[in-house]
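J.: Contents of protein28.pdb (PDB, N, CA and C atoms, pLDDT in the B column):
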ATOM      1  N   MET Q 410     -86.662  38.807 188.561  1.00 79.00           N
ATOM      2  CA  MET Q 410     -86.555  38.798 187.119  1.00 79.00           C
ATOM      3  C   MET Q 410     -87.855  38.226 186.531  1.00 79.00           C
ATOM      4  N   PRO Q 411     -88.479  38.933 185.601  1.00 83.00           N
ATOM      5  CA  PRO Q 411     -89.735  38.442 185.021  1.00 83.00           C
ATOM      6  C   PRO Q 411     -89.507  37.160 184.215  1.00 83.00           C
ATOM      7  N   ARG Q 412     -90.529  36.325 184.187  1.00 93.00           N
ATOM      8  CA  ARG Q 412     -90.386  35.099 183.412  1.00 93.00           C
ATOM      9  C   ARG Q 412     -90.624  35.368 181.935  1.00 93.00           C
ATOM     10  N   LYS Q 413     -90.274  34.401 181.142  1.00 96.00           N
ATOM     11  CA  LYS Q 413     -90.340  34.537 179.688  1.00 96.00           C
ATOM     12  C   LYS Q 413     -91.693  34.059 179.162  1.00 96.00           C
ATOM     13  N   ILE Q 414     -92.018  34.513 177.960  1.00 96.00           N
ATOM     14  CA  ILE Q 414     -93.280  34.148 177.319  1.00 96.00           C
ATOM     15  C   ILE Q 414     -93.386  32.628 177.180  1.00 96.00           C
ATOM     16  N   ARG Q 415     -92.279  31.946 176.853  1.00 96.00           N
ATOM     17  CA  ARG Q 415     -92.338  30.487 176.674  1.00 96.00           C
ATOM     18  C   ARG Q 415     -92.747  29.793 177.969  1.00 96.00           C
ATOM     19  N   GLU Q 416     -92.270  30.272 179.116  1.00 97.00           N
ATOM     20  CA  GLU Q 416     -92.652  29.702 180.413  1.00 97.00           C
ATOM     21  C   GLU Q 416     -94.121  29.988 180.710  1.00 97.00           C
ATOM     22  N   PHE Q 417     -94.559  31.186 180.360  1.00 97.00           N
ATOM     23  CA  PHE Q 417     -95.948  31.586 180.564  1.00 97.00           C
ATOM     24  C   PHE Q 417     -96.885  30.692 179.747  1.00 97.00           C
ATOM     25  N   LYS Q 418     -96.526  30.447 178.480  1.00 96.00           N
ATOM     26  CA  LYS Q 418     -97.336  29.586 177.617  1.00 96.00           C
ATOM     27  C   LYS Q 418     -97.399  28.159 178.176  1.00 96.00           C
ATOM     28  N   ALA Q 419     -96.303  27.686 178.724  1.00 97.00           N
ATOM     29  CA  ALA Q 419     -96.282  26.343 179.298  1.00 97.00           C
ATOM     30  C   ALA Q 419     -97.258  26.250 180.476  1.00 97.00           C
ATOM     31  N   GLN Q 420     -97.289  27.281 181.315  1.00 96.00           N
ATOM     32  CA  GLN Q 420     -98.223  27.284 182.442  1.00 96.00           C
ATOM     33  C   GLN Q 420     -99.659  27.347 181.939  1.00 96.00           C
ATOM     34  N   VAL Q 421     -99.913  28.187 180.957  1.00 97.00           N
ATOM     35  CA  VAL Q 421    -101.258  28.325 180.391  1.00 97.00           C
ATOM     36  C   VAL Q 421    -101.733  26.972 179.867  1.00 97.00           C
ATOM     37  N   ALA Q 422    -100.872  26.248 179.174  1.00 96.00           N
ATOM     38  CA  ALA Q 422    -101.237  24.929 178.643  1.00 96.00           C
ATOM     39  C   ALA Q 422    -101.489  23.935 179.778  1.00 96.00           C
ATOM     40  N   ARG Q 423    -100.668  23.973 180.828  1.00 96.00           N
ATOM     41  CA  ARG Q 423    -100.870  23.074 181.977  1.00 96.00           C
ATOM     42  C   ARG Q 423    -102.197  23.324 182.675  1.00 96.00           C
ATOM     43  N   GLU Q 424    -102.644  24.581 182.684  1.00 94.00           N
ATOM     44  CA  GLU Q 424    -103.898  24.944 183.346  1.00 94.00           C
ATOM     45  C   GLU Q 424    -105.117  24.535 182.531  1.00 94.00           C
ATOM     46  N   GLY Q 425    -104.913  24.043 181.305  1.00 94.00           N
ATOM     47  CA  GLY Q 425    -106.021  23.541 180.515  1.00 94.00           C
ATOM     48  C   GLY Q 425    -106.474  24.442 179.389  1.00 94.00           C
ATOM     49  N   PHE Q 426    -105.763  25.530 179.145  1.00 96.00           N
ATOM     50  CA  PHE Q 426    -106.111  26.415 178.034  1.00 96.00           C
ATOM     51  C   PHE Q 426    -105.703  25.754 176.720  1.00 96.00           C
ATOM     52  N   VAL Q 427    -106.461  26.029 175.679  1.00 96.00           N
ATOM     53  CA  VAL Q 427    -106.220  25.431 174.371  1.00 96.00           C
ATOM     54  C   VAL Q 427    -105.845  26.538 173.392  1.00 96.00           C
ATOM     55  N   TYR Q 428    -104.803  26.287 172.615  1.00 95.00           N
ATOM     56  CA  TYR Q 428    -104.332  27.244 171.618  1.00 95.00           C
ATOM     57  C   TYR Q 428    -105.347  27.340 170.491  1.00 95.00           C
ATOM     58  N   GLN Q 429    -105.716  28.564 170.123  1.00 93.00           N
ATOM     59  CA  GLN Q 429    -106.633  28.805 169.011  1.00 93.00           C
ATOM     60  C   GLN Q 429    -105.810  29.117 167.762  1.00 93.00           C
ATOM     61  N   PRO Q 430    -106.231  28.624 166.606  1.00 89.00           N
ATOM     62  CA  PRO Q 430    -105.461  28.870 165.387  1.00 89.00           C
ATOM     63  C   PRO Q 430    -105.350  30.360 165.057  1.00 89.00           C
ATOM     64  N   LYS Q 431    -104.308  30.695 164.340  1.00 81.00           N
ATOM     65  CA  LYS Q 431    -104.066  32.091 163.948  1.00 81.00           C
ATOM     66  C   LYS Q 431    -105.192  32.602 163.060  1.00 81.00           C
ATOM     67  N   ARG Q 432    -105.457  33.911 163.187  1.00 79.00           N
ATOM     68  CA  ARG Q 432    -106.490  34.531 162.363  1.00 79.00           C
ATOM     69  C   ARG Q 432    -105.912  35.612 161.469  1.00 79.00           C
ATOM     70  N   GLY Q 433    -104.620  35.692 161.404  1.00 76.00           N
ATOM     71  CA  GLY Q 433    -104.002  36.712 160.564  1.00 76.00           C
ATOM     72  C   GLY Q 433    -102.518  36.808 160.845  1.00 76.00           C
ATOM     73  N   LYS Q 434    -101.938  37.921 160.457  1.00 79.00           N
ATOM     74  CA  LYS Q 434    -100.517  38.151 160.674  1.00 79.00           C
ATOM     75  C   LYS Q 434    -100.258  38.552 162.119  1.00 79.00           C
ATOM     76  N   GLY Q 435     -99.005  38.515 162.496  1.00 82.00           N
ATOM     77  CA  GLY Q 435     -98.625  39.043 163.795  1.00 82.00           C
ATOM     78  C   GLY Q 435     -98.175  37.980 164.771  1.00 82.00           C
ATOM     79  N   SER Q 436     -97.712  38.456 165.915  1.00 80.00           N
ATOM     80  CA  SER Q 436     -97.158  37.555 166.919  1.00 80.00           C
ATOM     81  C   SER Q 436     -98.134  37.276 168.054  1.00 80.00           C
ATOM     82  N   HIS Q 437     -99.386  37.670 167.905  1.00 91.00           N
ATOM     83  CA  HIS Q 437    -100.369  37.422 168.953  1.00 91.00           C
ATOM     84  C   HIS Q 437    -100.907  36.000 168.849  1.00 91.00           C
ATOM     85  N   GLU Q 438    -101.054  35.360 170.022  1.00 93.00           N
ATOM     86  CA  GLU Q 438    -101.653  34.034 170.076  1.00 93.00           C
ATOM     87  C   GLU Q 438    -102.857  34.102 171.001  1.00 93.00           C
ATOM     88  N   ARG Q 439    -103.895  33.368 170.635  1.00 95.00           N
ATOM     89  CA  ARG Q 439    -105.095  33.337 171.458  1.00 95.00           C
ATOM     90  C   ARG Q 439    -105.214  31.966 172.111  1.00 95.00           C
ATOM     91  N   TRP Q 440    -105.521  31.959 173.403  1.00 96.00           N
ATOM     92  CA  TRP Q 440    -105.703  30.733 174.176  1.00 96.00           C
ATOM     93  C   TRP Q 440    -107.057  30.815 174.860  1.00 96.00           C
ATOM     94  N   ARG Q 441    -107.795  29.721 174.843  1.00 95.00           N
ATOM     95  CA  ARG Q 441    -109.124  29.691 175.455  1.00 95.00           C
ATOM     96  C   ARG Q 441    -109.257  28.435 176.308  1.00 95.00           C
ATOM     97  N   HIS Q 442    -109.906  28.600 177.462  1.00 94.00           N
ATOM     98  CA  HIS Q 442    -110.191  27.463 178.341  1.00 94.00           C
ATOM     99  C   HIS Q 442    -111.608  26.987 178.047  1.00 94.00           C
ATOM    100  N   PRO Q 443    -111.836  25.680 178.013  1.00 92.00           N
ATOM    101  CA  PRO Q 443    -113.174  25.167 177.686  1.00 92.00           C
ATOM    102  C   PRO Q 443    -114.277  25.627 178.646  1.00 92.00           C
ATOM    103  N   LEU Q 444    -113.953  25.910 179.896  1.00 90.00           N
ATOM    104  CA  LEU Q 444    -114.970  26.312 180.870  1.00 90.00           C
ATOM    105  C   LEU Q 444    -115.213  27.814 180.925  1.00 90.00           C
ATOM    106  N   LEU Q 445    -114.316  28.593 180.348  1.00 91.00           N
ATOM    107  CA  LEU Q 445    -114.424  30.049 180.405  1.00 91.00           C
ATOM    108  C   LEU Q 445    -114.847  30.605 179.048  1.00 91.00           C
ATOM    109  N   ARG Q 446    -115.515  31.736 179.060  1.00 87.00           N
ATOM    110  CA  ARG Q 446    -115.945  32.365 177.818  1.00 87.00           C
ATOM    111  C   ARG Q 446    -114.932  33.390 177.307  1.00 87.00           C
ATOM    112  N   LYS Q 447    -113.918  33.663 178.092  1.00 89.00           N
ATOM    113  CA  LYS Q 447    -112.940  34.682 177.702  1.00 89.00           C
ATOM    114  C   LYS Q 447    -111.727  34.054 177.045  1.00 89.00           C
ATOM    115  N   THR Q 448    -111.067  34.853 176.218  1.00 92.00           N
ATOM    116  CA  THR Q 448    -109.858  34.437 175.522  1.00 92.00           C
ATOM    117  C   THR Q 448    -108.669  35.192 176.096  1.00 92.00           C
ATOM    118  N   LEU Q 449    -107.575  34.485 176.291  1.00 95.00           N
ATOM    119  CA  LEU Q 449    -106.326  35.091 176.753  1.00 95.00           C
ATOM    120  C   LEU Q 449    -105.445  35.308 175.532  1.00 95.00           C
ATOM    121  N   THR Q 450    -105.092  36.561 175.267  1.00 94.00           N
ATOM    122  CA  THR Q 450    -104.249  36.898 174.125  1.00 94.00           C
ATOM    123  C   THR Q 450    -102.827  37.139 174.617  1.00 94.00           C
ATOM    124  N   ILE Q 451    -101.887  36.393 174.052  1.00 95.00           N
ATOM    125  CA  ILE Q 451    -100.480  36.508 174.422  1.00 95.00           C
ATOM    126  C   ILE Q 451     -99.736  37.108 173.241  1.00 95.00           C
ATOM    127  N   ALA Q 452     -99.104  38.252 173.476  1.00 92.00           N
ATOM    128  CA  ALA Q 452     -98.342  38.936 172.435  1.00 92.00           C
ATOM    129  C   ALA Q 452     -96.850  38.792 172.716  1.00 92.00           C
ATOM    130  N   GLY Q 453     -96.072  38.720 171.664  1.00 89.00           N
ATOM    131  CA  GLY Q 453     -94.630  38.697 171.834  1.00 89.00           C
ATOM    132  C   GLY Q 453     -94.012  37.379 171.427  1.00 89.00           C
ATOM    133  N   LYS Q 454     -92.689  37.371 171.407  1.00 91.00           N
ATOM    134  CA  LYS Q 454     -91.926  36.181 171.051  1.00 91.00           C
ATOM    135  C   LYS Q 454     -91.594  35.404 172.319  1.00 91.00           C
ATOM    136  N   ASP Q 455     -91.226  34.137 172.151  1.00 92.00           N
ATOM    137  CA  ASP Q 455     -90.975  33.270 173.302  1.00 92.00           C
ATOM    138  C   ASP Q 455     -89.890  33.788 174.243  1.00 92.00           C
ATOM    139  N   GLY Q 456     -88.916  34.512 173.746  1.00 94.00           N
ATOM    140  CA  GLY Q 456     -87.821  35.005 174.579  1.00 94.00           C
ATOM    141  C   GLY Q 456     -88.099  36.320 175.276  1.00 94.00           C
ATOM    142  N   ASP Q 457     -89.231  36.949 174.984  1.00 94.00           N
ATOM    143  CA  ASP Q 457     -89.572  38.231 175.608  1.00 94.00           C
ATOM    144  C   ASP Q 457     -90.050  38.020 177.044  1.00 94.00           C
ATOM    145  N   ASP Q 458     -89.930  39.080 177.849  1.00 95.00           N
ATOM    146  CA  ASP Q 458     -90.448  39.047 179.216  1.00 95.00           C
ATOM    147  C   ASP Q 458     -91.969  39.179 179.196  1.00 95.00           C
ATOM    148  N   VAL Q 459     -92.618  38.537 180.165  1.00 96.00           N
ATOM    149  CA  VAL Q 459     -94.076  38.630 180.277  1.00 96.00           C
ATOM    150  C   VAL Q 459     -94.419  39.969 180.921  1.00 96.00           C
ATOM    151  N   PRO Q 460     -95.275  40.772 180.283  1.00 94.00           N
ATOM    152  CA  PRO Q 460     -95.667  42.043 180.891  1.00 94.00           C
ATOM    153  C   PRO Q 460     -96.563  41.808 182.117  1.00 94.00           C
ATOM    154  N   PRO Q 461     -96.509  42.704 183.087  1.00 95.00           N
ATOM    155  CA  PRO Q 461     -97.302  42.534 184.314  1.00 95.00           C
ATOM    156  C   PRO Q 461     -98.805  42.414 184.060  1.00 95.00           C
ATOM    157  N   TYR Q 462     -99.338  43.130 183.056  1.00 95.00           N
ATOM    158  CA  TYR Q 462    -100.775  43.050 182.806  1.00 95.00           C
ATOM    159  C   TYR Q 462    -101.190  41.645 182.387  1.00 95.00           C
ATOM    160  N   LEU Q 463    -100.308  40.924 181.704  1.00 95.00           N
ATOM    161  CA  LEU Q 463    -100.632  39.571 181.260  1.00 95.00           C
ATOM    162  C   LEU Q 463    -100.639  38.598 182.437  1.00 95.00           C
ATOM    163  N   GLU Q 464     -99.707  38.787 183.359  1.00 95.00           N
ATOM    164  CA  GLU Q 464     -99.697  37.981 184.588  1.00 95.00           C
ATOM    165  C   GLU Q 464    -101.007  38.191 185.356  1.00 95.00           C
ATOM    166  N   LYS Q 465    -101.457  39.439 185.443  1.00 96.00           N
ATOM    167  CA  LYS Q 465    -102.687  39.775 186.154  1.00 96.00           C
ATOM    168  C   LYS Q 465    -103.905  39.148 185.468  1.00 96.00           C
ATOM    169  N   GLN Q 466    -103.940  39.201 184.134  1.00 96.00           N
ATOM    170  CA  GLN Q 466    -105.059  38.598 183.406  1.00 96.00           C
ATOM    171  C   GLN Q 466    -105.150  37.102 183.679  1.00 96.00           C
ATOM    172  N   LEU Q 467    -104.007  36.417 183.662  1.00 95.00           N
ATOM    173  CA  LEU Q 467    -104.007  34.985 183.925  1.00 95.00           C
ATOM    174  C   LEU Q 467    -104.453  34.708 185.359  1.00 95.00           C
ATOM    175  N   GLU Q 468    -103.970  35.503 186.292  1.00 96.00           N
ATOM    176  CA  GLU Q 468    -104.360  35.343 187.698  1.00 96.00           C
ATOM    177  C   GLU Q 468    -105.875  35.476 187.857  1.00 96.00           C
ATOM    178  N   ASP Q 469    -106.466  36.470 187.204  1.00 96.00           N
ATOM    179  CA  ASP Q 469    -107.918  36.677 187.270  1.00 96.00           C
ATOM    180  C   ASP Q 469    -108.677  35.515 186.634  1.00 96.00           C
ATOM    181  N   LEU Q 470    -108.213  35.045 185.492  1.00 95.00           N
ATOM    182  CA  LEU Q 470    -108.880  33.924 184.818  1.00 95.00           C
ATOM    183  C   LEU Q 470    -108.799  32.644 185.654  1.00 95.00           C
ATOM    184  N   LEU Q 471    -107.661  32.407 186.290  1.00 95.00           N
ATOM    185  CA  LEU Q 471    -107.525  31.221 187.121  1.00 95.00           C
ATOM    186  C   LEU Q 471    -108.414  31.301 188.356  1.00 95.00           C
ATOM    187  N   ALA Q 472    -108.601  32.503 188.898  1.00 96.00           N
ATOM    188  CA  ALA Q 472    -109.507  32.680 190.034  1.00 96.00           C
ATOM    189  C   ALA Q 472    -110.947  32.379 189.623  1.00 96.00           C
ATOM    190  N   LYS Q 473    -111.361  32.850 188.452  1.00 94.00           N
ATOM    191  CA  LYS Q 473    -112.708  32.566 187.951  1.00 94.00           C
ATOM    192  C   LYS Q 473    -112.882  31.079 187.687  1.00 94.00           C
ATOM    193  N   LEU Q 474    -111.858  30.456 187.168  1.00 93.00           N
ATOM    194  CA  LEU Q 474    -111.903  29.026 186.893  1.00 93.00           C
ATOM    195  C   LEU Q 474    -112.066  28.237 188.194  1.00 93.00           C
ATOM    196  N   GLU Q 475    -111.361  28.643 189.220  1.00 93.00           N
ATOM    197  CA  GLU Q 475    -111.468  27.992 190.533  1.00 93.00           C
ATOM    198  C   GLU Q 475    -112.877  28.137 191.087  1.00 93.00           C
ATOM    199  N   GLU Q 476    -113.471  29.320 190.925  1.00 92.00           N
ATOM    200  CA  GLU Q 476    -114.855  29.531 191.382  1.00 92.00           C
ATOM    201  C   GLU Q 476    -115.826  28.606 190.651  1.00 92.00           C
ATOM    202  N   LEU Q 477    -115.640  28.473 189.338  1.00 89.00           N
ATOM    203  CA  LEU Q 477    -116.508  27.590 188.555  1.00 89.00           C
ATOM    204  C   LEU Q 477    -116.379  26.141 189.005  1.00 89.00           C
ATOM    205  N   ARG Q 478    -115.171  25.717 189.279  1.00 87.00           N
ATOM    206  CA  ARG Q 478    -114.953  24.336 189.726  1.00 87.00           C
ATOM    207  C   ARG Q 478    -115.565  24.099 191.097  1.00 87.00           C
ATOM    208  N   GLU Q 479    -115.499  25.098 191.978  1.00 89.00           N
ATOM    209  CA  GLU Q 479    -116.114  24.962 193.307  1.00 89.00           C
ATOM    210  C   GLU Q 479    -117.634  24.887 193.186  1.00 89.00           C
ATOM    211  N   GLU Q 480    -118.222  25.672 192.257  1.00 86.00           N
ATOM    212  CA  GLU Q 480    -119.671  25.619 192.042  1.00 86.00           C
ATOM    213  C   GLU Q 480    -120.109  24.264 191.517  1.00 86.00           C
ATOM    214  N   GLU Q 481    -119.277  23.657 190.653  1.00 81.00           N
ATOM    215  CA  GLU Q 481    -119.599  22.333 190.117  1.00 81.00           C
ATOM    216  C   GLU Q 481    -119.584  21.274 191.211  1.00 81.00           C
ATOM    217  N   ASP Q 482    -118.655  21.414 192.159  1.00 79.00           N
ATOM    218  CA  ASP Q 482    -118.538  20.434 193.238  1.00 79.00           C
ATOM    219  C   ASP Q 482    -119.677  20.540 194.237  1.00 79.00           C
ATOM    220  N   SER Q 483    -120.305  21.715 194.324  1.00 71.00           N
ATOM    221  CA  SER Q 483    -121.382  21.921 195.304  1.00 71.00           C
ATOM    222  C   SER Q 483    -122.659  21.281 194.888  1.00 71.00           C
TER     223      SER Q 483
END
What does the file become when written as structure tokens?
T.:
Amino acid sequence: MPRKIREFKAQVAREGFVYQPKRGKGSHERWRHPLLRKTLTIAGKDGDDVPPYLEKQLEDLLAKLEELREEEDS
């Protein structure tokens, strides 16, 4: 069973992403990590299921973040 948007947002916040203020109407939210240049856009209401493409985007961003942290440690 896919997880809900509210659970996804909680994980995003735990990983260090920061919520960006709204720029207009709609249910899209933008989250940005201080170390990354990309923004993660989350669409939908808290009770909706997370689409697979959004899970993949987060997975890719977390992999890039891990690479950056390893480079800093070297």
J.: Since I can't run it myself right now, could you work out what the PyMOL selection byres (((chain Q and resi 439 and name CA) around 7) and name CA) selects here and report it as a ChimeraX atom specification?
T.: /Q:428-429,437-438,440-441,448-451
J.: Which distance in Å separates CA of Gly453 in chain Q and CA of Ser436 in chain Q, to one decimal?
T.: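 These two atoms are separated by 5.6 Å.
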J.: Name the closest residue to Leu445 in chain Q among the candidates Q:Lys473, Q:Lys465, Q:Arg432, Q:Lys418; distances are taken between atoms, counting all atoms listed in the file.
T.: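 Nearest to Leu445 in chain Q: Q:Lys473.
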J.: Select, from Q:Glu475, Q:Glu468, Q:Asp482, Q:Glu416, the residue with the minimum atom-to-atom distance to Asp455 in chain Q, counting only C-alpha atoms.
T.: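 Looking only at the distances to Asp455 in chain Q, the closest residue turns out to be Q:Glu416.
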J.: Run the PyMOL selection byres ((chain Q and resi 411) around 6) against the file shown and list the residues it catches, as a VMD selection string.
T.: chain Q and resid 410 412 to 413 458 to 459
J.: Starting from the shown file, work through the PyMOL selection byres (((chain Q and resi 424 and name CA) around 12) and name CA) and note down what comes out as a tab-separated table (two decimals) with N, CA and C atoms, in the coordinates of the input.
T.:
chain	number	residue	atom	x	y	z
Q	417	PHE	N	-94.56	31.19	180.36
Q	417	PHE	CA	-95.95	31.59	180.56
Q	417	PHE	C	-96.88	30.69	179.75
Q	418	LYS	N	-96.53	30.45	178.48
Q	418	LYS	CA	-97.34	29.59	177.62
Q	418	LYS	C	-97.40	28.16	178.18
Q	419	ALA	N	-96.30	27.69	178.72
Q	419	ALA	CA	-96.28	26.34	179.30
Q	419	ALA	C	-97.26	26.25	180.48
Q	420	GLN	N	-97.29	27.28	181.32
Q	420	GLN	CA	-98.22	27.28	182.44
Q	420	GLN	C	-99.66	27.35	181.94
Q	421	VAL	N	-99.91	28.19	180.96
Q	421	VAL	CA	-101.26	28.32	180.39
Q	421	VAL	C	-101.73	26.97	179.87
Q	422	ALA	N	-100.87	26.25	179.17
Q	422	ALA	CA	-101.24	24.93	178.64
Q	422	ALA	C	-101.49	23.94	179.78
Q	423	ARG	N	-100.67	23.97	180.83
Q	423	ARG	CA	-100.87	23.07	181.98
Q	423	ARG	C	-102.20	23.32	182.68
Q	425	GLY	N	-104.91	24.04	181.30
Q	425	GLY	CA	-106.02	23.54	180.52
Q	425	GLY	C	-106.47	24.44	179.39
Q	426	PHE	N	-105.76	25.53	179.14
Q	426	PHE	CA	-106.11	26.42	178.03
Q	426	PHE	C	-105.70	25.75	176.72
Q	427	VAL	N	-106.46	26.03	175.68
Q	427	VAL	CA	-106.22	25.43	174.37
Q	427	VAL	C	-105.84	26.54	173.39
Q	428	TYR	N	-104.80	26.29	172.62
Q	428	TYR	CA	-104.33	27.24	171.62
Q	428	TYR	C	-105.35	27.34	170.49
Q	440	TRP	N	-105.52	31.96	173.40
Q	440	TRP	CA	-105.70	30.73	174.18
Q	440	TRP	C	-107.06	30.82	174.86
Q	441	ARG	N	-107.80	29.72	174.84
Q	441	ARG	CA	-109.12	29.69	175.46
Q	441	ARG	C	-109.26	28.44	176.31
Q	442	HIS	N	-109.91	28.60	177.46
Q	442	HIS	CA	-110.19	27.46	178.34
Q	442	HIS	C	-111.61	26.99	178.05
Q	443	PRO	N	-111.84	25.68	178.01
Q	443	PRO	CA	-113.17	25.17	177.69
Q	443	PRO	C	-114.28	25.63	178.65
Q	444	LEU	N	-113.95	25.91	179.90
Q	444	LEU	CA	-114.97	26.31	180.87
Q	444	LEU	C	-115.21	27.81	180.92
Q	467	LEU	N	-104.01	36.42	183.66
Q	467	LEU	CA	-104.01	34.98	183.92
Q	467	LEU	C	-104.45	34.71	185.36
Q	468	GLU	N	-103.97	35.50	186.29
Q	468	GLU	CA	-104.36	35.34	187.70
Q	468	GLU	C	-105.88	35.48	187.86
Q	470	LEU	N	-108.21	35.04	185.49
Q	470	LEU	CA	-108.88	33.92	184.82
Q	470	LEU	C	-108.80	32.64	185.65
Q	471	LEU	N	-107.66	32.41	186.29
Q	471	LEU	CA	-107.52	31.22	187.12
Q	471	LEU	C	-108.41	31.30	188.36
Q	472	ALA	N	-108.60	32.50	188.90
Q	472	ALA	CA	-109.51	32.68	190.03
Q	472	ALA	C	-110.95	32.38	189.62
Q	474	LEU	N	-111.86	30.46	187.17
Q	474	LEU	CA	-111.90	29.03	186.89
Q	474	LEU	C	-112.07	28.24	188.19
Q	475	GLU	N	-111.36	28.64	189.22
Q	475	GLU	CA	-111.47	27.99	190.53
Q	475	GLU	C	-112.88	28.14	191.09
J.: Calculate how many Å separate CA of Arg446 in chain Q from CA of Leu477 in chain Q, rounding to one decimal.
T.: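 CA of Leu477 in chain Q lies 11.8 Å from CA of Arg446 in chain Q.
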J.: For atom N of Ile414 in chain Q and CA of Asp457 in chain Q, determine how far apart the two atoms are, in Å to one decimal place.
T.: 5.0 Å
J.: Which residue out of Q:Arg415, Q:Pro430, Q:Asp469, Q:Ser483 has the minimum interatomic distance to Lys454 in chain Q when only C-alpha atoms are used?
T.: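 Closest to Lys454 in chain Q of all the choices is Q:Arg415.
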J.: Identify, with DSSP run on backbone atoms, the residues in chain Q assigned to helix (DSSP H, G or I), and express the list as a PyMOL selection string.
T.: chain Q and resi 414-423+461-482
J.: What parts of chain Q does DSSP call strand (DSSP E or B)? I'd like the answer as a PyMOL selection string.
T.: chain Q and resi 413+427-429+438-441+448-451+458
